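See below for coords-v9.pdb, which holds PDB, C-alpha atoms.
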ATOM      1  CA  MET R   1    -112.138  24.425  -0.099
ATOM      2  CA  THR R   2    -113.168  25.105   3.478
ATOM      3  CA  LEU R   3    -113.192  22.095   5.767
ATOM      4  CA  PHE R   4    -115.779  21.924   8.534
ATOM      5  CA  PRO R   5    -114.925  19.576  11.418
ATOM      6  CA  PRO R   6    -117.692  17.921  13.426
ATOM      7  CA  PHE R   7    -118.716  19.605  16.670
ATOM      8  CA  ARG R   8    -116.194  18.927  19.468
ATOM      9  CA  PHE R   9    -113.803  17.386  16.958
ATOM     10  CA  ALA R  10    -110.390  16.506  18.395
ATOM     11  CA  ILE R  11    -107.407  14.243  17.827
ATOM     12  CA  VAL R  12    -107.144  11.600  20.538
ATOM     13  CA  GLU R  13    -104.037   9.831  19.255
ATOM     14  CA  ASP R  14    -102.396   9.296  15.903
ATOM     15  CA  GLY R  15    -105.181   7.785  13.794
ATOM     16  CA  VAL R  16    -107.899   8.205  16.446
ATOM     17  CA  TYR R  17    -110.380  11.087  16.234
ATOM     18  CA  ARG R  18    -113.423  12.004  18.307
ATOM     19  CA  GLY R  19    -116.386  14.313  17.954
ATOM     20  CA  ALA R  20    -120.125  14.678  17.514
ATOM     21  CA  TYR R  21    -122.455  13.066  14.984
ATOM     22  CA  PRO R  22    -121.076  14.125  11.583
ATOM     23  CA  SER R  23    -123.318  16.108   9.253
ATOM     24  CA  LEU R  24    -123.057  16.467   5.482
ATOM     25  CA  LYS R  25    -120.738  19.480   5.697
ATOM     26  CA  ASN R  26    -118.284  17.420   7.790
ATOM     27  CA  TYR R  27    -117.807  14.663   5.243
ATOM     28  CA  ARG R  28    -115.101  16.472   3.273
ATOM     29  CA  LEU R  29    -112.879  16.613   6.358
ATOM     30  CA  LEU R  30    -113.607  12.999   7.275
ATOM     31  CA  ARG R  31    -112.685  12.000   3.745
ATOM     32  CA  ARG R  32    -109.312  13.732   4.144
ATOM     33  CA  LEU R  33    -108.621  11.603   7.213
ATOM     34  CA  LYS R  34    -108.777   8.428   5.074
ATOM     35  CA  LEU R  35    -110.783   6.644   7.749
ATOM     36  CA  ARG R  36    -111.101   2.880   7.905
ATOM     37  CA  HIS R  37    -113.646   2.766  10.722
ATOM     38  CA  ILE R  38    -116.388   4.910  12.270
ATOM     39  CA  ILE R  39    -117.832   3.948  15.657
ATOM     40  CA  SER R  40    -121.316   5.329  16.333
ATOM     41  CA  LEU R  41    -122.533   5.444  19.956
ATOM     42  CA  THR R  42    -126.111   6.574  19.383
ATOM     43  CA  PRO R  43    -129.692   5.682  20.358
ATOM     44  CA  GLU R  44    -130.589   4.822  16.751
ATOM     45  CA  PRO R  45    -128.558   3.352  13.876
ATOM     46  CA  PRO R  46    -126.786   5.904  11.650
ATOM     47  CA  ILE R  47    -128.900   7.696   9.063
ATOM     48  CA  SER R  48    -128.645   6.737   5.398
ATOM     49  CA  ASP R  49    -126.433   9.744   4.558
ATOM     50  CA  LEU R  50    -123.701   8.538   6.902
ATOM     51  CA  LEU R  51    -124.061   4.920   5.832
ATOM     52  CA  ASP R  52    -123.857   5.932   2.156
ATOM     53  CA  PHE R  53    -120.742   7.995   2.906
ATOM     54  CA  CYS R  54    -119.136   4.992   4.615
ATOM     55  CA  LYS R  55    -119.992   2.769   1.679
ATOM     56  CA  ARG R  56    -118.556   5.205  -0.884
ATOM     57  CA  GLU R  57    -115.344   5.682   1.097
ATOM     58  CA  ASP R  58    -114.983   1.992   2.036
ATOM     59  CA  ILE R  59    -115.287   2.803   5.751
ATOM     60  CA  HIS R  60    -116.564   0.165   8.148
ATOM     61  CA  ASN R  61    -119.235   1.444  10.524
ATOM     62  CA  THR R  62    -119.903  -0.181  13.893
ATOM     63  CA  HIS R  63    -122.995   0.976  15.769
ATOM     64  CA  TYR R  64    -123.627   0.509  19.489
ATOM     65  CA  THR R  65    -127.063   1.380  20.822
ATOM     66  CA  VAL R  66    -126.414   3.935  23.561
ATOM     67  CA  PRO R  67    -129.305   5.978  25.019
ATOM     68  CA  ARG R  68    -129.164   9.752  24.835
ATOM     69  CA  PHE R  69    -127.092  11.111  27.709
ATOM     70  CA  GLU R  70    -129.078  12.602  30.548
ATOM     71  CA  GLU R  71    -127.326  12.556  33.901
ATOM     72  CA  ASP R  72    -126.350   8.929  34.527
ATOM     73  CA  VAL R  73    -123.804   6.651  32.904
ATOM     74  CA  ASN R  74    -125.627   4.935  30.054
ATOM     75  CA  MET R  75    -123.067   2.391  28.893
ATOM     76  CA  SER R  76    -122.069  -0.937  30.383
ATOM     77  CA  PRO R  77    -118.412  -1.818  31.045
ATOM     78  CA  SER R  78    -118.679  -4.646  28.515
ATOM     79  CA  THR R  79    -119.743  -2.222  25.762
ATOM     80  CA  VAL R  80    -116.860   0.113  26.560
ATOM     81  CA  ALA R  81    -114.445  -2.838  26.481
ATOM     82  CA  GLU R  82    -115.721  -3.878  23.037
ATOM     83  CA  VAL R  83    -115.212  -0.349  21.718
ATOM     84  CA  LEU R  84    -111.695  -0.223  23.170
ATOM     85  CA  GLN R  85    -110.838  -3.466  21.393
ATOM     86  CA  ILE R  86    -111.727  -1.811  18.088
ATOM     87  CA  ILE R  87    -109.739   1.335  18.870
ATOM     88  CA  VAL R  88    -106.502  -0.421  19.855
ATOM     89  CA  ASN R  89    -106.515  -2.693  16.807
ATOM     90  CA  PRO R  90    -104.254  -1.011  14.191
ATOM     91  CA  THR R  91    -106.194  -2.588  11.322
ATOM     92  CA  ASN R  92    -109.116  -0.298  12.202
ATOM     93  CA  LEU R  93    -107.098   2.927  12.093
ATOM     94  CA  PRO R  94    -107.580   5.727  11.202
ATOM     95  CA  LEU R  95    -110.829   5.767  13.156
ATOM     96  CA  TYR R  96    -113.507   8.296  14.125
ATOM     97  CA  ILE R  97    -115.639   7.727  17.233
ATOM     98  CA  HIS R  98    -118.732   9.780  17.912
ATOM     99  CA  CYS R  99    -121.934  10.009  19.924
ATOM    100  CA  LEU R 100    -124.692  12.586  19.408
ATOM    101  CA  ASP R 101    -122.791  15.611  20.705
ATOM    102  CA  GLY R 102    -119.241  14.315  21.164
ATOM    103  CA  ALA R 103    -119.344  14.979  24.895
ATOM    104  CA  ASN R 104    -120.033  12.613  27.777
ATOM    105  CA  VAL R 105    -120.714   9.336  25.955
ATOM    106  CA  THR R 106    -117.663   9.535  23.707
ATOM    107  CA  GLY R 107    -115.731  11.028  26.608
ATOM    108  CA  LEU R 108    -116.381   8.021  28.801
ATOM    109  CA  VAL R 109    -114.856   5.673  26.215
ATOM    110  CA  ILE R 110    -111.837   7.908  25.743
ATOM    111  CA  ALA R 111    -111.377   8.148  29.520
ATOM    112  CA  CYS R 112    -111.250   4.345  29.735
ATOM    113  CA  LEU R 113    -108.822   4.310  26.805
ATOM    114  CA  ARG R 114    -106.590   6.670  28.768
ATOM    115  CA  LYS R 115    -106.815   4.326  31.734
ATOM    116  CA  LEU R 116    -105.740   1.472  29.461
ATOM    117  CA  GLN R 117    -102.808   3.698  28.438
ATOM    118  CA  ASN R 118    -101.951   4.115  32.128
ATOM    119  CA  TRP R 119    -102.674   7.826  32.317
ATOM    120  CA  ASN R 120    -102.859   9.414  35.745
ATOM    121  CA  LEU R 121    -106.485   9.508  36.957
ATOM    122  CA  THR R 122    -106.411  13.262  37.525
ATOM    123  CA  LEU R 123    -105.300  13.866  33.927
ATOM    124  CA  ILE R 124    -108.007  11.508  32.666
ATOM    125  CA  LEU R 125    -110.761  13.349  34.519
ATOM    126  CA  ASN R 126    -109.414  16.738  33.443
ATOM    127  CA  GLU R 127    -109.497  15.714  29.780
ATOM    128  CA  PHE R 128    -113.024  14.369  30.207
ATOM    129  CA  SER R 129    -114.177  17.656  31.713
ATOM    130  CA  ARG R 130    -112.831  19.701  28.780
ATOM    131  CA  PHE R 131    -115.247  17.946  26.420
ATOM    132  CA  SER R 132    -118.247  17.469  28.737
ATOM    133  CA  ARG R 133    -121.371  19.589  28.484
ATOM    134  CA  ASP R 134    -120.778  21.590  31.652
ATOM    135  CA  ASP R 135    -116.978  21.291  31.805
ATOM    136  CA  VAL R 136    -117.256  18.945  34.787
ATOM    137  CA  ILE R 137    -117.351  15.216  35.376
ATOM    138  CA  MET R 138    -120.172  13.795  37.452
ATOM    139  CA  ARG R 139    -119.502  11.507  40.384
ATOM    140  CA  ASP R 140    -120.927   8.379  38.739
ATOM    141  CA  GLU R 141    -118.844   9.026  35.605
ATOM    142  CA  ALA R 142    -115.668   9.422  37.649
ATOM    143  CA  THR R 143    -116.516   6.258  39.579
ATOM    144  CA  PHE R 144    -117.141   4.362  36.324
ATOM    145  CA  VAL R 145    -113.691   5.268  35.029
ATOM    146  CA  GLU R 146    -111.934   4.662  38.330
ATOM    147  CA  THR R 147    -113.482   1.201  38.783
ATOM    148  CA  PHE R 148    -113.389   0.135  35.111
ATOM    149  CA  GLU R 149    -111.599  -3.214  34.891
ATOM    150  CA  GLU R 150    -113.512  -5.070  32.164
ATOM    151  CA  GLU R 151    -111.497  -7.537  30.112
ATOM    152  CA  VAL R 152    -110.088  -6.017  26.918
ATOM    153  CA  GLU R 153    -108.787  -8.230  24.136
ATOM    154  CA  ILE R 154    -105.419  -7.148  22.761
ATOM    155  CA  GLN R 155    -104.246  -8.176  19.295
ATOM    156  CA  GLU R 156    -100.692  -9.171  18.453
ATOM    157  CA  ALA R 157    -100.109  -5.823  16.740
ATOM    158  CA  ILE R 158    -100.822  -2.689  18.781
ATOM    159  CA  PRO R 159    -100.537   1.027  17.964
ATOM    160  CA  PRO R 160     -97.241   2.695  18.952
ATOM    161  CA  TRP R 161     -99.136   5.047  21.298
ATOM    162  CA  LEU R 162    -100.360   2.103  23.392
ATOM    163  CA  TRP R 163     -97.641   1.203  25.941
ATOM    164  CA  GLU R 164     -95.072   2.537  23.464
ATOM    165  CA  GLY R 165     -95.828  -0.438  21.230
ATOM    166  CA  VAL R 166     -94.622  -3.028  23.772
ATOM    167  CA  HIS R 167     -97.179  -5.507  25.130
ATOM    168  CA  TYR R 168     -98.144  -5.656  28.770
ATOM    169  CA  ARG R 169     -98.586  -9.127  30.157
ATOM    170  CA  HIS R 170    -100.701  -7.706  32.946
ATOM    171  CA  HIS R 171    -102.279  -4.285  33.344
ATOM    172  CA  PRO R 172    -102.309  -2.681  36.806
ATOM    173  CA  THR R 173    -106.111  -2.260  36.826
ATOM    174  CA  ILE R 174    -107.682  -3.656  33.633
ATOM    175  CA  ARG R 175    -107.919  -7.340  32.753
ATOM    176  CA  LEU R 176    -106.249  -8.159  29.442
ATOM    177  CA  LYS R 177    -107.002 -11.018  27.089
ATOM    178  CA  HIS R 178    -104.263 -11.672  24.567
ATOM    179  CA  THR R 179    -105.035 -13.278  21.224
ATOM    180  CA  ALA R 180    -104.041 -16.898  20.702
ATOM    181  CA  VAL R 181    -101.441 -15.822  18.132
ATOM    182  CA  LEU R 182     -99.767 -13.511  20.638
ATOM    183  CA  GLN R 183     -99.860 -16.124  23.388
ATOM    184  CA  GLU R 184     -98.242 -18.680  21.092
ATOM    185  CA  SER R 185     -95.638 -16.152  19.988
ATOM    186  CA  ARG R 186     -94.725 -15.455  23.601
ATOM    187  CA  ARG R 187     -94.593 -19.130  24.471
ATOM    188  CA  LYS R 188     -92.141 -19.767  21.646
ATOM    189  CA  ARG R 189     -90.088 -16.701  22.447
ATOM    190  CA  MET R 190     -89.710 -17.779  26.070
ATOM    191  CA  ASP R 191     -89.094 -21.449  25.228
ATOM    192  CA  PRO R 192     -85.787 -22.172  23.423
ATOM    193  CA  THR R 193     -86.815 -25.763  22.816
ATOM    194  CA  ALA R 194     -89.783 -24.672  20.721
ATOM    195  CA  LEU R 195     -87.569 -22.427  18.596
ATOM    196  CA  LEU R 196     -85.062 -25.223  18.024
ATOM    197  CA  LEU R 197     -87.461 -27.954  16.903
ATOM    198  CA  GLN R 198     -86.339 -27.635  13.297
ATOM    199  CA  LEU R 199     -82.704 -28.120  14.293
ATOM    200  CA  GLU R 200     -83.255 -31.294  16.275
ATOM    201  CA  GLY R 201     -81.975 -34.521  14.813
ATOM    202  CA  LYS R 202     -79.954 -32.852  12.050
ATOM    203  CA  GLY R 203     -76.528 -33.916  13.295
ATOM    204  CA  SER R 204     -73.412 -32.177  14.559
ATOM    205  CA  GLY R 205     -73.347 -29.749  11.647
ATOM    206  CA  HIS R 206     -76.092 -27.751  13.304
ATOM    207  CA  ARG R 207     -74.470 -27.463  16.745
ATOM    208  CA  VAL R 208     -73.090 -23.985  16.063
ATOM    209  CA  ALA R 209     -76.434 -22.785  14.732
ATOM    210  CA  THR R 210     -78.189 -24.273  17.741
ATOM    211  CA  ALA R 211     -75.866 -22.492  20.147
ATOM    212  CA  LYS R 212     -76.429 -19.172  18.378
ATOM    213  CA  VAL R 213     -80.203 -19.544  18.475
ATOM    214  CA  GLU R 214     -80.120 -20.480  22.176
ATOM    215  CA  LYS R 215     -78.060 -17.358  22.909
ATOM    216  CA  MET R 216     -80.438 -15.218  20.863
ATOM    217  CA  VAL R 217     -83.472 -16.561  22.745
ATOM    218  CA  GLU R 218     -81.823 -15.884  26.096
ATOM    219  CA  GLU R 219     -81.103 -12.281  25.070
ATOM    220  CA  VAL R 220     -84.653 -11.716  23.804
ATOM    221  CA  GLU R 221     -86.079 -13.194  26.992
ATOM    222  CA  VAL R 222     -84.008 -10.889  29.192
ATOM    223  CA  SER R 223     -84.808  -7.859  27.028
ATOM    224  CA  PHE R 224     -88.520  -8.606  27.056
ATOM    225  CA  THR R 225     -88.528  -9.113  30.829
ATOM    226  CA  VAL R 226     -86.741  -5.820  31.484
ATOM    227  CA  GLN R 227     -89.147  -3.958  29.206
ATOM    228  CA  ALA R 228     -92.136  -5.514  30.922
ATOM    229  CA  LEU R 229     -90.826  -4.597  34.368
ATOM    230  CA  ALA R 230     -90.085  -1.037  33.318
ATOM    231  CA  LEU R 231     -93.535  -0.584  31.784
ATOM    232  CA  GLU R 232     -95.246  -1.861  34.890
ATOM    233  CA  GLY R 233     -93.378   0.576  37.124
ATOM    234  CA  PHE R 234     -90.689  -1.672  38.592
ATOM    235  CA  PRO R 235     -87.129  -0.366  38.822
ATOM    236  CA  THR R 236     -84.634  -2.227  36.691
ATOM    237  CA  VAL R 237     -80.876  -2.523  37.116
ATOM    238  CA  ALA R 238     -78.556  -3.109  34.184
ATOM    239  CA  THR R 239     -75.853  -5.690  34.814
ATOM    240  CA  HIS R 240     -72.681  -6.050  32.793
ATOM    241  CA  LYS R 241     -70.110  -8.786  32.554
ATOM    242  CA  LYS R 242     -66.656  -7.766  33.620
TER
END
Would you encode the structure as structure tokens?
Amino acid sequence: MTLFPPFRFAIVEDGVYRGAYPSLKNYRLLRRLKLRHIISLTPEPPISDLLDFCKREDIHNTHYTVPRFEEDVNMSPSTVAEVLQIIVNPTNLPLYIHCLDGANVTGLVIACLRKLQNWNLTLILNEFSRFSRDDVIMRDEATFVETFEEEVEIQEAIPPWLWEGVHYRHHPTIRLKHTAVLQESRRKRMDPTALLLQLEGKGSGHRVATAKVEKMVEEVEVSFTVQALALEGFPTVATHKK
């Protein structure tokens, strides 16, 4: 059977798709994608056909009221941040995000996603332009992306295409909020005492095990620190014992 993709359909990342408002003839393709989530950035809630499709396919739909695009940016930074939080949560993937025509509104969210991924600004704006109505990005849209720094909540699990699957503690331009689970995990990983609580008070028989765990924690801490420095653009130097 012939598959008809939505207008301006494209693959953003593995498990993330973008495009225009899907019509009935697009549903067969969307079904093949085995979607878990559809994000609708539209002036009105999705029509019954789309909602019925989501219900039949067990797809969660999240709707954000976004006015029809004219010439000005019509989304707030907080709305974009909320959408990004959905996109970078692996439990929501595969995911399809759409506005009315798949152009500037969806493009603005994807541009901010690219910024979260640490893409070069020129590449971000070039990608935006390829999907925009007139193949250009307006000044206020470029400014929105360049100055976007709204807090984005990051879950413990992240997609492999975000920072190569390794968490940033701090992003160069965007404020990050890590989940309590992740914060606790980091605290324990960086604190040998917390990892050794179960070994305390169990006598000399556990001294060897304790030493091994302490060594393991030290190695993980160093590895994590080097990865974090490398991801944030700092040069790292490998040292070896003679």
Pull the closest atom pair for each residue of segment 28-71 of chain R that gets at most 12 Å from segment 112-134 of chain R, along with the distance in Å to one decimal, counting only C-alpha atoms, ordering rows by chain and then ascending residue number, as JSON lines.
{"residue": "R:Phe69", "atom": "CA", "partner": "R:Arg133", "partner_atom": "CA", "distance": 10.3}
{"residue": "R:Glu70", "atom": "CA", "partner": "R:Arg133", "partner_atom": "CA", "distance": 10.6}
{"residue": "R:Glu71", "atom": "CA", "partner": "R:Arg133", "partner_atom": "CA", "distance": 10.7}
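Computed from the coordinates, the atom CA of Asn74 of chain R to atom CA of Val136 of chain R distance equals 17.0 Å.
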Given the file shown, enumerate the residues that the PyMOL selection byres ((chain R and resi 57) around 9) captures and present them as a short mmCIF file (atom, residue, chain, number, x, y, z; two decimals) with C-alpha atoms, keeping the file's coordinate frame.
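result23.cif, written as the output of this step:
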data_model
loop_
_atom_site.label_atom_id
_atom_site.label_comp_id
_atom_site.auth_asym_id
_atom_site.auth_seq_id
_atom_site.Cartn_x
_atom_site.Cartn_y
_atom_site.Cartn_z
CA ARG R 31 -112.68 12.00 3.74
CA LYS R 34 -108.78 8.43 5.07
CA LEU R 35 -110.78 6.64 7.75
CA ARG R 36 -111.10 2.88 7.90
CA ASP R 52 -123.86 5.93 2.16
CA PHE R 53 -120.74 8.00 2.91
CA CYS R 54 -119.14 4.99 4.62
CA LYS R 55 -119.99 2.77 1.68
CA ARG R 56 -118.56 5.20 -0.88
CA ASP R 58 -114.98 1.99 2.04
CA ILE R 59 -115.29 2.80 5.75
#
Point to revise | Selection as a ChimeraX atom specification: residues within 7 Å of (-111.2, 1.0, 33.1), counting all atoms listed in the file | key: /R:112,115-116,145-150,174
Check your understanding: atom CA of Phe4 of chain R and atom CA of Pro160 of chain R, how far apart in Å?
Key ->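 Taking atom CA of Pro160 of chain R as the start and atom CA of Phe4 of chain R as the end point, the length is 28.7 Å.
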**Study point:** Nearest to Glu44 of chain R by atom-to-atom distance, counting all atoms listed in the file, from R:Val80, R:Leu29, R:Cys99, R:Leu162
**Key:** R:Cys99
Practice item. Record the distance separating atom CA of His60 of chain R and atom CA of Leu33 of chain R, expressed in Å with one decimal. Key: 14.0 Å
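Ranking R:Thr91, R:Thr106, R:Val83, R:Pro22 by their shortest atom-to-atom distance to Asp49 of chain R, with all atoms listed in the file included, puts R:Pro22 first.
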Study note, to complete from the structure: In terms of only C-alpha atoms, the residue from R:Tyr17, R:Tyr168, R:Tyr27, R:Tyr96 at minimal distance from Asn61 of chain R is R:Tyr96
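Using all atoms listed in the file, the nearest neighbour of Ser40 of chain R within the list R:Leu3, R:Ile137, R:Val66, R:Ile87 is R:Val66.
Evaluated against the shown file, the PyMOL selection byres ((chain R and resi 165) around 12) gives Val88, Asn89, Pro90, Gln117, Ile154, Gln155, Glu156, Ala157, Ile158, Pro159, Pro160, Trp161, Leu162, Trp163, Glu164, Val166, His167, Tyr168, Gln227, Ala228 and Leu231 of chain R.
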Using all atoms listed in the file, find all polymer residues with an atom at most 12 Å away from the point (-124.2, 0.1, 30.6); report them as a PDB file with C-alpha atoms, in the coordinates of the input.
ATOM      1  CA  TYR R  64    -123.627   0.509  19.489  1.00  0.00           C
ATOM      2  CA  THR R  65    -127.063   1.380  20.822  1.00  0.00           C
ATOM      3  CA  VAL R  66    -126.414   3.935  23.561  1.00  0.00           C
ATOM      4  CA  PRO R  67    -129.305   5.978  25.019  1.00  0.00           C
ATOM      5  CA  PHE R  69    -127.092  11.111  27.709  1.00  0.00           C
ATOM      6  CA  ASP R  72    -126.350   8.929  34.527  1.00  0.00           C
ATOM      7  CA  VAL R  73    -123.804   6.651  32.904  1.00  0.00           C
ATOM      8  CA  ASN R  74    -125.627   4.935  30.054  1.00  0.00           C
ATOM      9  CA  MET R  75    -123.067   2.391  28.893  1.00  0.00           C
ATOM     10  CA  SER R  76    -122.069  -0.937  30.383  1.00  0.00           C
ATOM     11  CA  PRO R  77    -118.412  -1.818  31.045  1.00  0.00           C
ATOM     12  CA  SER R  78    -118.679  -4.646  28.515  1.00  0.00           C
ATOM     13  CA  THR R  79    -119.743  -2.222  25.762  1.00  0.00           C
ATOM     14  CA  VAL R  80    -116.860   0.113  26.560  1.00  0.00           C
ATOM     15  CA  ALA R  81    -114.445  -2.838  26.481  1.00  0.00           C
ATOM     16  CA  VAL R 105    -120.714   9.336  25.955  1.00  0.00           C
ATOM     17  CA  LEU R 108    -116.381   8.021  28.801  1.00  0.00           C
ATOM     18  CA  VAL R 109    -114.856   5.673  26.215  1.00  0.00           C
ATOM     19  CA  GLU R 141    -118.844   9.026  35.605  1.00  0.00           C
ATOM     20  CA  PHE R 144    -117.141   4.362  36.324  1.00  0.00           C
ATOM     21  CA  PHE R 148    -113.389   0.135  35.111  1.00  0.00           C
ATOM     22  CA  GLU R 150    -113.512  -5.070  32.164  1.00  0.00           C
TER      23      GLU R 150
END
Point to revise | Nearest to Thr179 of chain R, chosen from R:Glu153, R:Asp14, R:His63, R:Leu93, with all atoms listed in the file counted in the distances | key: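 Once distances to Thr179 of chain R are computed over all atoms listed in the file, the minimum belongs to R:Glu153.
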